[in-house]
Amino acid sequence: MLEQTVTIISQARDADAYFRLVLRAPQIAPLIQPGQFAHVRILPLKDALLRRPFSIFQAAGDTFSILYKNVGKGTDVLSRMRPGEELSVIAPLGHGFTVPPAGGDTPLLVAGGYGMAAMFLLAQRSPQKGIVFVGGRRRVDILCEADFAAIGWEVRVATEDGSHGEKGLVTQPLLAEIRNSKLKKRNYKLFACGPTPMLKAVGQIAEAHQLPCELSMDEHMCCGVGTCLTCVIPVKTGDSWEYQRTCTEGPVFDSRQIVWKTA
Ligand SMILES: Cc1cc2nc3c(=O)[nH]c(=O)nc-3n(C[C@H](O)[C@H](O)[C@H](O)COP(=O)(O)OP(=O)(O)OC[C@H]3O[C@@H](n4cnc5c(N)ncnc54)[C@H](O)[C@@H]3O)c2cc1C
Ligand code: FES
């Protein structure tokens, strides 16, 4: 984990409110593992003290990138920054995904909205190709379809308004694939990142079908490095449970460990 001032190489609008930002960070980029995140201080922001966490989308050579949605004051200022401008970054942070080994279970990746950003590096580094299930409200929320197809992954899309792919929730095509897989006797491992209700549904599907599953939890964070305890969630430990920090013990947890809050 390093704290560095890094330079923006490029910034491009992906679709609607989504942006891809590439940063030059020669010391950080080689350390990055799939599912880890960067804690970013947006220097031109008036109240720049509070950092914002973003999954690391891609990492290659001396650069890494993030894929983010403009949702508020920090991301709005970030979206107007230009190549040559600087950000302060602490990265790579957190405990990421287990890269599926060659010849192991077939990975099924499930992503909702910007959760897709945490998935691409995992797919890219996985010697075992699989299927990625992408969900969102509308067509514009379906990110990276072409990126996954370009590295040989099958992509299945679901939108809530039916404007792209299957109409409904992303868990529908996932469930259909798992049910069919019994016929084909394939072994799957699930990996998911997205809104908490989606993560809970994927965890329940994994449990019902006795499949291993890793979930990247989306909790609000302040320090990002384990000291403030803003990001704790209840996690099972043996017959008991304890609070663990999403920023250090997570953001990726084994789905069987998560104690879900009742609605
Ligand atoms: C581990 C982790 C990885 C993340 N990766 C990405 C990513 O790859 N791409 C991306 O676009 N976003 C990602 N996020 C969410 C991102 O951090 C927030 O969207 C961002 O901090 C909002 O900053 P803001 O100043 O623009 O919004 P604010 O003005 O602070 O808030 C605007 C709105 O965003 C909501 N918001 C703030 N933080 C979060 C959060 N953690 N989760 C959900 N909603 C939030 C607020 O509740 C509010 O409704 C990630 C969050 C975590 C914890
Ligand atoms: S964000 Fe401070 S302990 Fe996790």
# chains A, B, ... in the order shown; residues from 1 in each chain; ligands from 1
>>> select_by_dssp(residues="range 121-166 of chain A", states="strand (DSSP E)", output="PyMOL selection string")
chain A and resi 131-136+154-159+166
>>> residues_around(residues="range 54-66 of chain A", least_positions_apart="5", cutoff="8 Å", atoms="only C-alpha atoms", output="JSON, numbers by chain")
{"A": [20, 21, 22, 23, 24, 25, 26, 27, 28, 29, 30, 32, 34, 35, 36, 37, 38, 39, 40, 117, 118, 119, 120, 121]}
>>> select_by_dssp(residues="range 84-220 of chain A", states="alpha helix (DSSP H)", output="number ranges by chain")
A: 120-125, 145-150, 171-184, 196-208
>>> write_last_selection(atoms="N, CA, C and O atoms", output="compact mmCIF listing (two decimals), in the first residue's frame")
# COMPACT_ATOMS: atom_id res chain seq x y z
N PHE A 120 -13.28 -6.67 -14.07
CA PHE A 120 -12.55 -6.86 -15.32
C PHE A 120 -11.15 -7.44 -15.10
O PHE A 120 -10.72 -8.37 -15.79
N LEU A 121 -10.45 -6.93 -14.10
CA LEU A 121 -9.08 -7.40 -13.83
C LEU A 121 -9.10 -8.88 -13.43
O LEU A 121 -8.19 -9.64 -13.78
N LEU A 122 -10.15 -9.28 -12.70
CA LEU A 122 -10.28 -10.68 -12.31
C LEU A 122 -10.41 -11.56 -13.56
O LEU A 122 -9.73 -12.59 -13.68
N ALA A 123 -11.27 -11.14 -14.47
CA ALA A 123 -11.46 -11.90 -15.71
C ALA A 123 -10.17 -11.95 -16.52
O ALA A 123 -9.77 -13.00 -17.04
N GLN A 124 -9.50 -10.81 -16.58
CA GLN A 124 -8.27 -10.71 -17.38
C GLN A 124 -7.16 -11.61 -16.83
O GLN A 124 -6.41 -12.22 -17.58
N ARG A 125 -7.08 -11.69 -15.50
CA ARG A 125 -5.98 -12.46 -14.88
C ARG A 125 -6.34 -13.92 -14.67
O ARG A 125 -5.51 -14.71 -14.23
N GLU A 145 -19.28 -4.51 -21.84
CA GLU A 145 -19.66 -5.72 -22.57
C GLU A 145 -18.59 -6.08 -23.60
O GLU A 145 -18.15 -7.23 -23.66
N ALA A 146 -18.16 -5.08 -24.37
CA ALA A 146 -17.16 -5.33 -25.42
C ALA A 146 -15.81 -5.71 -24.83
O ALA A 146 -15.09 -6.55 -25.40
N ASP A 147 -15.46 -5.12 -23.67
CA ASP A 147 -14.15 -5.43 -23.04
C ASP A 147 -14.08 -6.91 -22.66
O ASP A 147 -13.06 -7.56 -22.86
N PHE A 148 -15.16 -7.44 -22.08
CA PHE A 148 -15.16 -8.85 -21.68
C PHE A 148 -15.17 -9.76 -22.90
O PHE A 148 -14.46 -10.77 -22.93
N ALA A 149 -15.96 -9.40 -23.91
CA ALA A 149 -16.01 -10.22 -25.12
C ALA A 149 -14.63 -10.27 -25.78
O ALA A 149 -14.20 -11.32 -26.26
N ALA A 150 -13.91 -9.14 -25.72
CA ALA A 150 -12.59 -9.06 -26.37
C ALA A 150 -11.57 -9.98 -25.71
O ALA A 150 -10.58 -10.38 -26.34
N THR A 171 -29.89 -11.78 -11.62
CA THR A 171 -29.89 -13.10 -10.99
C THR A 171 -30.70 -14.13 -11.80
O THR A 171 -30.50 -15.33 -11.63
N GLN A 172 -31.60 -13.64 -12.68
CA GLN A 172 -32.41 -14.59 -13.49
C GLN A 172 -31.54 -15.42 -14.44
O GLN A 172 -31.58 -16.65 -14.39
N PRO A 173 -30.76 -14.78 -15.33
CA PRO A 173 -29.89 -15.60 -16.20
C PRO A 173 -28.85 -16.40 -15.42
O PRO A 173 -28.47 -17.50 -15.83
N LEU A 174 -28.41 -15.86 -14.27
CA LEU A 174 -27.45 -16.60 -13.44
C LEU A 174 -28.07 -17.91 -12.95
O LEU A 174 -27.47 -18.99 -13.08
N LEU A 175 -29.28 -17.79 -12.43
CA LEU A 175 -29.98 -18.96 -11.90
C LEU A 175 -30.26 -19.98 -13.02
O LEU A 175 -30.09 -21.19 -12.81
N ALA A 176 -30.63 -19.48 -14.18
CA ALA A 176 -30.91 -20.37 -15.31
C ALA A 176 -29.65 -21.15 -15.68
O ALA A 176 -29.70 -22.36 -15.92
N GLU A 177 -28.51 -20.48 -15.69
CA GLU A 177 -27.24 -21.13 -16.03
C GLU A 177 -26.91 -22.21 -14.99
O GLU A 177 -26.50 -23.32 -15.35
N ILE A 178 -27.10 -21.89 -13.72
CA ILE A 178 -26.76 -22.86 -12.66
C ILE A 178 -27.69 -24.07 -12.74
O ILE A 178 -27.24 -25.21 -12.59
N ARG A 179 -28.97 -23.81 -12.99
CA ARG A 179 -29.92 -24.94 -13.09
C ARG A 179 -29.56 -25.82 -14.28
O ARG A 179 -29.57 -27.05 -14.17
N ASN A 180 -29.20 -25.21 -15.41
CA ASN A 180 -28.80 -26.00 -16.59
C ASN A 180 -27.52 -26.76 -16.33
O ASN A 180 -27.33 -27.86 -16.83
N SER A 181 -26.64 -26.16 -15.51
CA SER A 181 -25.32 -26.75 -15.30
C SER A 181 -25.41 -28.12 -14.64
O SER A 181 -24.53 -28.95 -14.81
N LYS A 182 -26.48 -28.35 -13.89
CA LYS A 182 -26.63 -29.65 -13.24
C LYS A 182 -26.68 -30.73 -14.30
O LYS A 182 -26.15 -31.81 -14.12
N LEU A 183 -27.31 -30.38 -15.43
CA LEU A 183 -27.40 -31.35 -16.53
C LEU A 183 -26.01 -31.61 -17.10
O LEU A 183 -25.64 -32.70 -17.44
N LYS A 184 -25.22 -30.52 -17.17
CA LYS A 184 -23.88 -30.64 -17.78
C LYS A 184 -22.83 -31.07 -16.76
O LYS A 184 -21.67 -31.25 -17.08
N THR A 196 -25.94 -3.93 -2.56
CA THR A 196 -26.09 -4.93 -1.50
C THR A 196 -27.25 -5.91 -1.74
O THR A 196 -27.06 -7.12 -1.54
N PRO A 197 -28.44 -5.47 -2.19
CA PRO A 197 -29.51 -6.46 -2.43
C PRO A 197 -29.10 -7.51 -3.48
O PRO A 197 -29.45 -8.69 -3.36
N MET A 198 -28.35 -7.08 -4.49
CA MET A 198 -27.87 -8.04 -5.50
C MET A 198 -26.87 -9.02 -4.89
O MET A 198 -26.94 -10.23 -5.12
N LEU A 199 -25.98 -8.51 -4.04
CA LEU A 199 -24.97 -9.37 -3.39
C LEU A 199 -25.66 -10.41 -2.51
O LEU A 199 -25.28 -11.59 -2.50
N LYS A 200 -26.68 -9.95 -1.78
CA LYS A 200 -27.40 -10.86 -0.90
C LYS A 200 -28.08 -11.96 -1.72
O LYS A 200 -28.01 -13.15 -1.37
N ALA A 201 -28.69 -11.59 -2.85
CA ALA A 201 -29.38 -12.57 -3.70
C ALA A 201 -28.39 -13.57 -4.28
O ALA A 201 -28.64 -14.78 -4.31
N VAL A 202 -27.22 -13.09 -4.69
CA VAL A 202 -26.20 -13.99 -5.26
C VAL A 202 -25.70 -14.94 -4.16
O VAL A 202 -25.53 -16.15 -4.39
N GLY A 203 -25.51 -14.41 -2.95
CA GLY A 203 -25.08 -15.24 -1.82
C GLY A 203 -26.10 -16.34 -1.52
O GLY A 203 -25.72 -17.49 -1.24
N GLN A 204 -27.37 -15.98 -1.60
CA GLN A 204 -28.43 -16.98 -1.33
C GLN A 204 -28.46 -18.05 -2.42
O GLN A 204 -28.65 -19.23 -2.14
N ILE A 205 -28.24 -17.64 -3.67
CA ILE A 205 -28.21 -18.62 -4.77
C ILE A 205 -27.04 -19.58 -4.57
O ILE A 205 -27.16 -20.80 -4.72
N ALA A 206 -25.88 -19.01 -4.18
CA ALA A 206 -24.70 -19.85 -3.95
C ALA A 206 -24.98 -20.87 -2.85
O ALA A 206 -24.64 -22.06 -2.98
N GLU A 207 -25.61 -20.40 -1.78
CA GLU A 207 -25.90 -21.29 -0.65
C GLU A 207 -26.88 -22.39 -1.06
O GLU A 207 -26.66 -23.57 -0.77
N ALA A 208 -27.93 -21.99 -1.77
CA ALA A 208 -28.96 -22.95 -2.17
C ALA A 208 -28.39 -24.05 -3.07
O ALA A 208 -28.84 -25.18 -3.05
>>> residues_near_ligand(ligand="ligand 1", cutoff="6 Å", atoms="only C-alpha atoms and all ligand atoms", output="list in words")
Phe37, Arg52, Pro53, Phe54, Ser55, Leu67, Tyr68, Lys69, Asn70, Val71, Gly72, Lys73, Gly74, Thr75, Asp76, Tyr114, Ala117, Asp218, Glu219, His220, Met221 and Pro251 of chain A
>>> residues_around(residues="range 236-247 of chain A", least_positions_apart="6", cutoff="6 Å", atoms="only C-alpha atoms", output="list in words")
Gly94, Gly224 and Gln257 of chain A
>>> residues_around(residues="Val77 in chain A", least_positions_apart="6", cutoff="9 Å", atoms="only C-alpha atoms", output="CSV table (one decimal) with N, CA and C atoms, in the first residue's frame")
chain,number,residue,atom,x,y,z
A,42,ILE,N,-9.5,13.9,-4.2
A,42,ILE,CA,-9.7,14.7,-5.4
A,42,ILE,C,-9.3,16.2,-5.0
A,44,PRO,N,-8.8,19.2,-6.4
A,44,PRO,CA,-9.5,20.4,-6.6
A,44,PRO,C,-10.8,20.6,-5.8
A,45,LEU,N,-11.2,19.5,-5.2
A,45,LEU,CA,-12.5,19.5,-4.4
A,45,LEU,C,-12.3,20.5,-3.2
A,70,ASN,N,-20.6,9.3,-12.0
A,70,ASN,CA,-20.8,10.6,-11.4
A,70,ASN,C,-22.1,10.6,-10.6
>>> closest_residue(among="A:Thr227, A:Thr5, A:Thr262, A:Ser255", to="ligand 2", atoms="only C-alpha atoms and all ligand atoms")
A:Thr227
>>> closest_residue(among="A:Leu50, A:Ile9, A:Cys144, A:Ile131", to="ligand 2", atoms="only C-alpha atoms and all ligand atoms")
A:Leu50
